[in-house]
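Peer 1: Please find one structure pasted underneath; my questions will follow.
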Amino acid sequence: GAGVSQTPSNKVTEKGKYVELRCDPISGHTALYWYRQSLGQGPEFLIYFQGTGAADDSGLPNDRFFAVRPEGSVSTLKIQRTERGDSAVYLCASSGSNTGELFFGEGSRLTVL
Amino acid sequence: GENVEQHPSTLSVQEGDSAVIKCTYSDSASNYFPWYKQELGKRPQLIIDIRSNVGEKKDQRIAVTLNKTAKHFSLHITETQPEDSAVYFCAARRQGNEKLTFGTGTRLTIIP
């Protein structure tokens with residue numbers, strides 16, 4: 001595609017519910033990243049995929065967070081038993097060159113009531 | 001892990017004047033330092049980056065300087081224009097690691 005696409009753009013859920021956030025990277029990009037951005041803060045690293053495998057998941061805050069990329073393209077970030085503190089914009093980025101530039105999506109704004 | 005500090009958190013500059021944003025990093029093994037611009041409600045976009053084998057890089061009105069000894073790098077915007085108003089994030093990445101660590105951002109406002 002022309003850019004990184006994320007859906008939904010906005011998600012409002014209740015505390016305790018399960019949510020899935022989807023990222024469709026730029027075609028051909030092998031590296032995919034998930035970041036979380038809280039209001040007034042910089043993006044905070046969550047997880048990085050190279051192909052299908054999670055090469056670095058050190059940023060996932062706890063075991064309620066999980067991400068997959070089964071075919072090495074689309075990725076899904078899954079959050080179980082959501083808490084109000086999970087409210088943030090979840091950014092996905094992809095990279096496909098040796099320059100290291102990350103191309104970000106517009107983000108999914110998650111609000112947990 | 002890497003820690004990136006950025007200041008100031010807000011900066012107001014008269015149109016046409018220069019703006020400087022500074023960042024420090026903690027990991028001496030970091031070798032890649034990008035700057036991202038994020039307009040309100042939009043995605044972060046790369047505006048310039050520098051690697052540790054050079055001390056300065058310039059692209060039109062934007063320049064970045066790197067001091068490896070002091071572990072700090074700066075973004076310089078000259079002849080500022082209203083469209084430069086945005087939040088700017090610095091970041092650092094350790095060699096051999098794909099994780100970018102971002103600073104907390106600087107909200108730049110250009111006063112017409």
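We label chains A, B, ... in the order they appear in the structure tokens, count residues from 1 in each chain, and number ligands from 1 in the order shown.
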Once you count only C-alpha atoms, which residues of chain A turn out to be within 9 Å of chain B? Could you give them as an MDAnalysis selection string?
Peer 2: chainID A and resid 33 40:45 47:48 55:56 91 100:107
Peer 1: Write out as a VMD selection string the residues lying within 6 Å of A:Gln50, counting only C-alpha atoms and excluding same-chain residues fewer than 2 positions away.
Peer 2: chain A and resid 30 to 31 53
Peer 1: So, counting only C-alpha atoms, which residue among B:Ser18, B:Asn67, B:Ser74, B:Arg51 is closest to A:Thr99?
Peer 2: B:Arg51
Peer 1: Any idea what the distance is between atom CA of A:Ser94 and atom CA of B:Arg94?
Peer 2: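 Separation of atom CA of A:Ser94 and atom CA of B:Arg94: 18.0 Å.
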Peer 1: Do you know which residues are at most 7 Å from stretch 53-57 of chain B counting only C-alpha atoms, after dropping those on the same chain fewer than 5 positions away, and could you put them as an mmCIF file with N, CA, C and O atoms, in the first residue's frame?
Peer 2:
data_model
loop_
_atom_site.group_PDB
_atom_site.id
_atom_site.type_symbol
_atom_site.label_atom_id
_atom_site.label_comp_id
_atom_site.auth_asym_id
_atom_site.auth_seq_id
_atom_site.Cartn_x
_atom_site.Cartn_y
_atom_site.Cartn_z
ATOM 1 N N ALA B 63 19.172 21.362 10.256
ATOM 2 C CA ALA B 63 20.485 20.767 10.477
ATOM 3 C C ALA B 63 20.475 20.020 11.807
ATOM 4 O O ALA B 63 19.710 20.351 12.718
ATOM 5 N N VAL B 64 21.299 19.012 11.874
ATOM 6 C CA VAL B 64 21.469 18.272 13.121
ATOM 7 C C VAL B 64 22.961 18.163 13.402
ATOM 8 O O VAL B 64 23.762 17.953 12.492
ATOM 9 N N THR B 65 23.326 18.358 14.666
ATOM 10 C CA THR B 65 24.712 18.213 15.094
ATOM 11 C C THR B 65 24.791 17.115 16.143
ATOM 12 O O THR B 65 23.845 16.900 16.907
ATOM 13 N N LEU B 66 25.908 16.436 16.175
ATOM 14 C CA LEU B 66 26.111 15.329 17.111
ATOM 15 C C LEU B 66 27.459 15.473 17.792
ATOM 16 O O LEU B 66 28.484 15.675 17.133
ATOM 17 N N ASN B 67 27.436 15.371 19.111
ATOM 18 C CA ASN B 67 28.665 15.364 19.899
ATOM 19 C C ASN B 67 28.714 14.030 20.627
ATOM 20 O O ASN B 67 28.062 13.824 21.653
#
Peer 1: I want to know what sits within 8 Å of B:Asp27, based on only C-alpha atoms, with residues of the same chain fewer than 5 positions away left out; could you give that as a VMD selection string?
Peer 2: chain B and resid 1 to 3 94
Peer 1: Save out the residues we just selected, all heavy atoms, as an mmCIF file, in the first residue's frame.
Peer 2:
data_model
loop_
_atom_site.group_PDB
_atom_site.id
_atom_site.type_symbol
_atom_site.label_atom_id
_atom_site.label_comp_id
_atom_site.auth_asym_id
_atom_site.auth_seq_id
_atom_site.Cartn_x
_atom_site.Cartn_y
_atom_site.Cartn_z
ATOM 1 N N GLY B 1 19.020 0.155 29.885
ATOM 2 C CA GLY B 1 18.637 0.505 28.534
ATOM 3 C C GLY B 1 18.901 1.955 28.225
ATOM 4 O O GLY B 1 19.315 2.725 29.081
ATOM 5 N N GLU B 2 18.625 2.312 26.991
ATOM 6 C CA GLU B 2 18.841 3.670 26.526
ATOM 7 C C GLU B 2 17.851 4.634 27.181
ATOM 8 O O GLU B 2 16.681 4.311 27.381
ATOM 9 C CB GLU B 2 18.684 3.708 24.995
ATOM 10 C CG GLU B 2 18.773 5.090 24.372
ATOM 11 C CD GLU B 2 20.167 5.688 24.418
ATOM 12 O OE1 GLU B 2 20.504 6.292 25.471
ATOM 13 O OE2 GLU B 2 20.905 5.570 23.438
ATOM 14 N N ASN B 3 18.346 5.824 27.520
ATOM 15 C CA ASN B 3 17.498 6.879 28.048
ATOM 16 C C ASN B 3 17.785 8.150 27.251
ATOM 17 O O ASN B 3 18.944 8.552 27.107
ATOM 18 C CB ASN B 3 17.793 7.119 29.536
ATOM 19 C CG ASN B 3 16.887 8.182 30.113
ATOM 20 O OD1 ASN B 3 15.681 8.141 29.917
ATOM 21 N ND2 ASN B 3 17.462 9.149 30.802
ATOM 22 N N ARG B 94 20.664 1.959 19.446
ATOM 23 C CA ARG B 94 21.931 1.292 19.702
ATOM 24 C C ARG B 94 22.315 0.440 18.500
ATOM 25 O O ARG B 94 21.472 -0.198 17.875
ATOM 26 C CB ARG B 94 21.779 0.428 20.943
ATOM 27 C CG ARG B 94 22.987 -0.379 21.342
ATOM 28 C CD ARG B 94 22.620 -1.369 22.427
ATOM 29 N NE ARG B 94 23.750 -2.191 22.788
ATOM 30 C CZ ARG B 94 24.568 -1.952 23.802
ATOM 31 N NH1 ARG B 94 24.342 -0.911 24.582
ATOM 32 N NH2 ARG B 94 25.576 -2.737 24.058
#
Peer 1: Which neighbours of A:Asp86 fall inside 10 Å, counting only C-alpha atoms, when residues of the same chain fewer than 5 positions from it are skipped, and could you give them as a PyMOL selection string?
Peer 2: chain A and resi 15+36+38+61+65+79+81+110-112
Peer 1: Could you write out the selected residues, including N, CA and C atoms, as a tab-separated table (two decimals), in the first residue's frame?
Peer 2:
chain	number	residue	atom	x	y	z
A	15	LYS	N	-13.44	-1.22	30.69
A	15	LYS	CA	-12.44	-1.90	31.50
A	15	LYS	C	-12.75	-3.39	31.55
A	36	ARG	N	3.61	2.80	21.71
A	36	ARG	CA	2.46	3.37	22.41
A	36	ARG	C	2.81	4.81	22.76
A	38	SER	N	1.41	8.03	24.88
A	38	SER	CA	0.47	8.67	25.80
A	38	SER	C	0.52	10.17	25.57
A	61	PRO	N	4.35	-4.23	28.27
A	61	PRO	CA	4.31	-3.91	29.71
A	61	PRO	C	3.99	-5.09	30.61
A	65	PHE	N	-0.59	-8.03	27.14
A	65	PHE	CA	-0.30	-7.54	25.79
A	65	PHE	C	0.37	-8.65	24.99
A	79	ILE	N	-4.83	-6.90	23.33
A	79	ILE	CA	-4.78	-6.49	24.73
A	79	ILE	C	-5.93	-7.16	25.46
A	81	ARG	N	-8.11	-8.00	29.01
A	81	ARG	CA	-8.51	-7.42	30.31
A	81	ARG	C	-8.04	-5.97	30.41
A	110	LEU	N	-6.89	4.30	21.59
A	110	LEU	CA	-7.66	3.41	22.47
A	110	LEU	C	-8.06	4.16	23.74
A	111	THR	N	-9.35	4.13	24.04
A	111	THR	CA	-9.86	4.72	25.27
A	111	THR	C	-10.55	3.63	26.07
A	112	VAL	N	-10.07	3.42	27.28
A	112	VAL	CA	-10.67	2.42	28.16
A	112	VAL	C	-11.44	3.15	29.26
Peer 1: When you count only C-alpha atoms, which of these residues is closest to A:Gly72: A:Val89, A:Leu39, A:Leu46, A:Ile26?
Peer 2: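 For A:Gly72, the nearest of the candidates is A:Ile26.
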Peer 1: Find the residues around stretch 79-85 of chain B up to 9 Å (only C-alpha atoms counted), leave out those fewer than 4 positions away in its own chain, and share them as number ranges by chain.
Peer 2: B: 13-19, 37, 39, 61, 107-112
Peer 1: Using the selection just defined, write its residues with all heavy atoms as a tab-separated table (two decimals), in the first residue's frame.
Peer 2:
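This went into selection.tsv:
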chain	number	residue	atom	x	y	z
B	13	VAL	N	8.95	30.68	19.03
B	13	VAL	CA	9.94	31.42	18.25
B	13	VAL	C	9.23	32.33	17.27
B	13	VAL	O	8.23	31.94	16.66
B	13	VAL	CB	10.86	30.43	17.49
B	13	VAL	CG1	11.79	31.17	16.55
B	13	VAL	CG2	11.66	29.59	18.45
B	14	GLN	N	9.75	33.54	17.14
B	14	GLN	CA	9.21	34.48	16.15
B	14	GLN	C	9.51	33.96	14.75
B	14	GLN	O	10.63	33.47	14.48
B	14	GLN	CB	9.84	35.85	16.36
B	14	GLN	CG	9.02	37.02	15.89
B	14	GLN	CD	7.81	37.30	16.76
B	14	GLN	OE1	7.85	37.14	17.97
B	14	GLN	NE2	6.71	37.71	16.14
B	15	GLU	N	8.54	34.09	13.88
B	15	GLU	CA	8.74	33.67	12.49
B	15	GLU	C	10.00	34.31	11.92
B	15	GLU	O	10.22	35.52	12.07
B	15	GLU	CB	7.52	34.04	11.65
B	15	GLU	CG	7.61	33.61	10.20
B	15	GLU	CD	6.35	33.97	9.42
B	15	GLU	OE1	5.38	34.46	10.02
B	15	GLU	OE2	6.35	33.77	8.19
B	16	GLY	N	10.81	33.47	11.27
B	16	GLY	CA	12.04	33.97	10.69
B	16	GLY	C	13.26	33.76	11.57
B	16	GLY	O	14.40	33.75	11.07
B	17	ASP	N	13.02	33.59	12.87
B	17	ASP	CA	14.14	33.33	13.78
B	17	ASP	C	14.50	31.84	13.75
B	17	ASP	O	13.83	31.03	13.10
B	17	ASP	CB	13.77	33.74	15.20
B	17	ASP	CG	13.74	35.25	15.37
B	17	ASP	OD1	14.19	35.97	14.43
B	17	ASP	OD2	13.27	35.72	16.43
B	18	SER	N	15.56	31.48	14.47
B	18	SER	CA	16.01	30.09	14.53
B	18	SER	C	15.49	29.40	15.78
B	18	SER	O	15.22	30.05	16.79
B	18	SER	CB	17.54	30.03	14.52
B	18	SER	OG	18.06	30.53	13.31
B	19	ALA	N	15.37	28.09	15.68
B	19	ALA	CA	14.95	27.27	16.82
B	19	ALA	C	15.97	26.16	17.02
B	19	ALA	O	16.45	25.58	16.04
B	19	ALA	CB	13.57	26.67	16.57
B	37	LYS	N	8.98	14.72	13.21
B	37	LYS	CA	8.04	15.83	13.37
B	37	LYS	C	6.64	15.26	13.41
B	37	LYS	O	6.28	14.43	12.58
B	37	LYS	CB	8.19	16.80	12.19
B	37	LYS	CG	7.21	17.95	12.17
B	37	LYS	CD	7.42	18.80	10.92
B	37	LYS	CE	6.44	19.97	10.86
B	37	LYS	NZ	6.63	20.78	9.60
B	39	GLU	N	2.74	16.58	13.59
B	39	GLU	CA	1.72	17.61	13.63
B	39	GLU	C	0.52	17.07	14.40
B	39	GLU	O	0.35	15.86	14.54
B	39	GLU	CB	1.36	18.05	12.22
B	39	GLU	CG	2.55	18.66	11.50
B	39	GLU	CD	2.25	19.08	10.07
B	39	GLU	OE1	1.07	19.03	9.67
B	39	GLU	OE2	3.19	19.44	9.35
B	61	ARG	N	16.73	24.10	5.48
B	61	ARG	CA	16.68	24.93	6.69
B	61	ARG	C	16.90	24.11	7.97
B	61	ARG	O	16.89	24.66	9.06
B	61	ARG	CB	15.32	25.62	6.79
B	61	ARG	CG	15.03	26.60	5.66
B	61	ARG	CD	13.73	27.36	5.90
B	61	ARG	NE	12.57	26.48	5.92
B	61	ARG	CZ	11.89	26.15	7.03
B	61	ARG	NH1	12.26	26.61	8.21
B	61	ARG	NH2	10.83	25.37	6.96
B	107	ARG	N	7.30	20.89	21.90
B	107	ARG	CA	6.24	21.56	21.14
B	107	ARG	C	6.76	22.90	20.67
B	107	ARG	O	6.98	23.81	21.48
B	107	ARG	CB	4.98	21.73	21.98
B	107	ARG	CG	3.85	22.41	21.25
B	107	ARG	CD	2.56	22.43	22.05
B	107	ARG	NE	2.09	21.08	22.37
B	107	ARG	CZ	1.41	20.31	21.53
B	107	ARG	NH1	1.09	20.76	20.32
B	107	ARG	NH2	1.01	19.12	21.91
B	108	LEU	N	6.96	23.02	19.36
B	108	LEU	CA	7.47	24.26	18.77
B	108	LEU	C	6.32	25.06	18.20
B	108	LEU	O	5.53	24.54	17.40
B	108	LEU	CB	8.49	23.93	17.68
B	108	LEU	CG	9.03	25.12	16.87
B	108	LEU	CD1	9.82	26.06	17.77
B	108	LEU	CD2	9.90	24.63	15.72
B	109	THR	N	6.24	26.31	18.61
B	109	THR	CA	5.22	27.22	18.08
B	109	THR	C	5.93	28.38	17.40
B	109	THR	O	6.78	29.04	18.02
B	109	THR	CB	4.31	27.75	19.20
B	109	THR	OG1	3.70	26.65	19.87
B	109	THR	CG2	3.23	28.67	18.63
B	110	ILE	N	5.58	28.62	16.15
B	110	ILE	CA	6.14	29.74	15.40
B	110	ILE	C	5.12	30.87	15.45
B	110	ILE	O	3.98	30.71	15.00
B	110	ILE	CB	6.44	29.34	13.96
B	110	ILE	CG1	7.33	28.10	13.93
B	110	ILE	CG2	7.09	30.51	13.21
B	110	ILE	CD1	8.65	28.23	14.66
B	111	ILE	N	5.56	32.00	15.96
B	111	ILE	CA	4.67	33.15	16.13
B	111	ILE	C	4.76	34.03	14.88
B	111	ILE	O	5.84	34.51	14.55
B	111	ILE	CB	5.08	33.96	17.37
B	111	ILE	CG1	5.09	33.05	18.60
B	111	ILE	CG2	4.13	35.14	17.57
B	111	ILE	CD1	5.79	33.66	19.78
B	112	PRO	N	3.63	34.23	14.18
B	112	PRO	CA	3.68	35.01	12.93
B	112	PRO	C	4.04	36.46	13.19
B	112	PRO	O	3.78	37.01	14.26
B	112	PRO	CB	2.25	34.90	12.38
B	112	PRO	CG	1.63	33.76	13.11
B	112	PRO	CD	2.32	33.66	14.44
Peer 1: Where does DSSP see strand (DSSP E) in stretch 7-46 of chain A, if you list the residues as a VMD selection string?
Peer 2: chain A and resid 7 10 to 13 19 to 24 31 to 37 44 to 46
Peer 1: If you count only C-alpha atoms, which residues fall within 6 Å of B:Thr24, apart from same-chain ones fewer than 2 positions away, as a PyMOL selection string?
Peer 2: chain B and resi 4-5+71-72
Peer 1: Generate a file of the selected residues that holds N, CA and C atoms, formatted as a PDB file, in the first residue's frame.
Peer 2:
ATOM      1  N   VAL B   4      16.740   8.742  26.705  1.00  0.00           N
ATOM      2  CA  VAL B   4      16.890   9.953  25.893  1.00  0.00           C
ATOM      3  C   VAL B   4      16.137  11.085  26.575  1.00  0.00           C
ATOM      4  N   GLU B   5      16.847  12.154  26.847  1.00  0.00           N
ATOM      5  CA  GLU B   5      16.232  13.334  27.440  1.00  0.00           C
ATOM      6  C   GLU B   5      16.219  14.467  26.428  1.00  0.00           C
ATOM      7  N   LYS B  71      27.681  12.950  24.313  1.00  0.00           N
ATOM      8  CA  LYS B  71      26.433  12.196  24.120  1.00  0.00           C
ATOM      9  C   LYS B  71      25.238  13.120  24.037  1.00  0.00           C
ATOM     10  N   HIS B  72      25.367  14.129  23.173  1.00  0.00           N
ATOM     11  CA  HIS B  72      24.194  14.935  22.905  1.00  0.00           C
ATOM     12  C   HIS B  72      24.131  15.329  21.438  1.00  0.00           C
TER      13      HIS B  72
END
Peer 1: Could you please determine the separation between atom CA of A:Asn62 and atom CA of A:Val19 in Å, to one decimal place?
Peer 2: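 It comes out at 15.1 Å.
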Peer 1: Please compute the atom CA of A:Glu83-atom CA of A:Leu113 distance, one decimal, in Å.
Peer 2: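 Distance reported for this atom pair: 8.2 Å.
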Peer 1: Here is a test: counting only C-alpha atoms, which residue of A:Ser108, A:Gln37, A:Gly16, A:Arg22 is nearest to A:Lys78?
Peer 2: A:Arg22
Peer 1: Using only C-alpha atoms for the distances, tell me which of B:Leu75, B:Ala86, B:Val20, B:Leu11 is nearest to B:Trp35.
Peer 2: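 Of B:Leu75, B:Ala86, B:Val20, B:Leu11, the one nearest B:Trp35, counting only C-alpha atoms, is B:Leu75.
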Peer 1: Which of these residues is nearest to B:Tyr25, using only C-alpha atoms: B:Thr78, B:Gln60, B:Thr69, B:Thr10?
Peer 2: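 Result for the nearest residue to B:Tyr25: B:Thr69.
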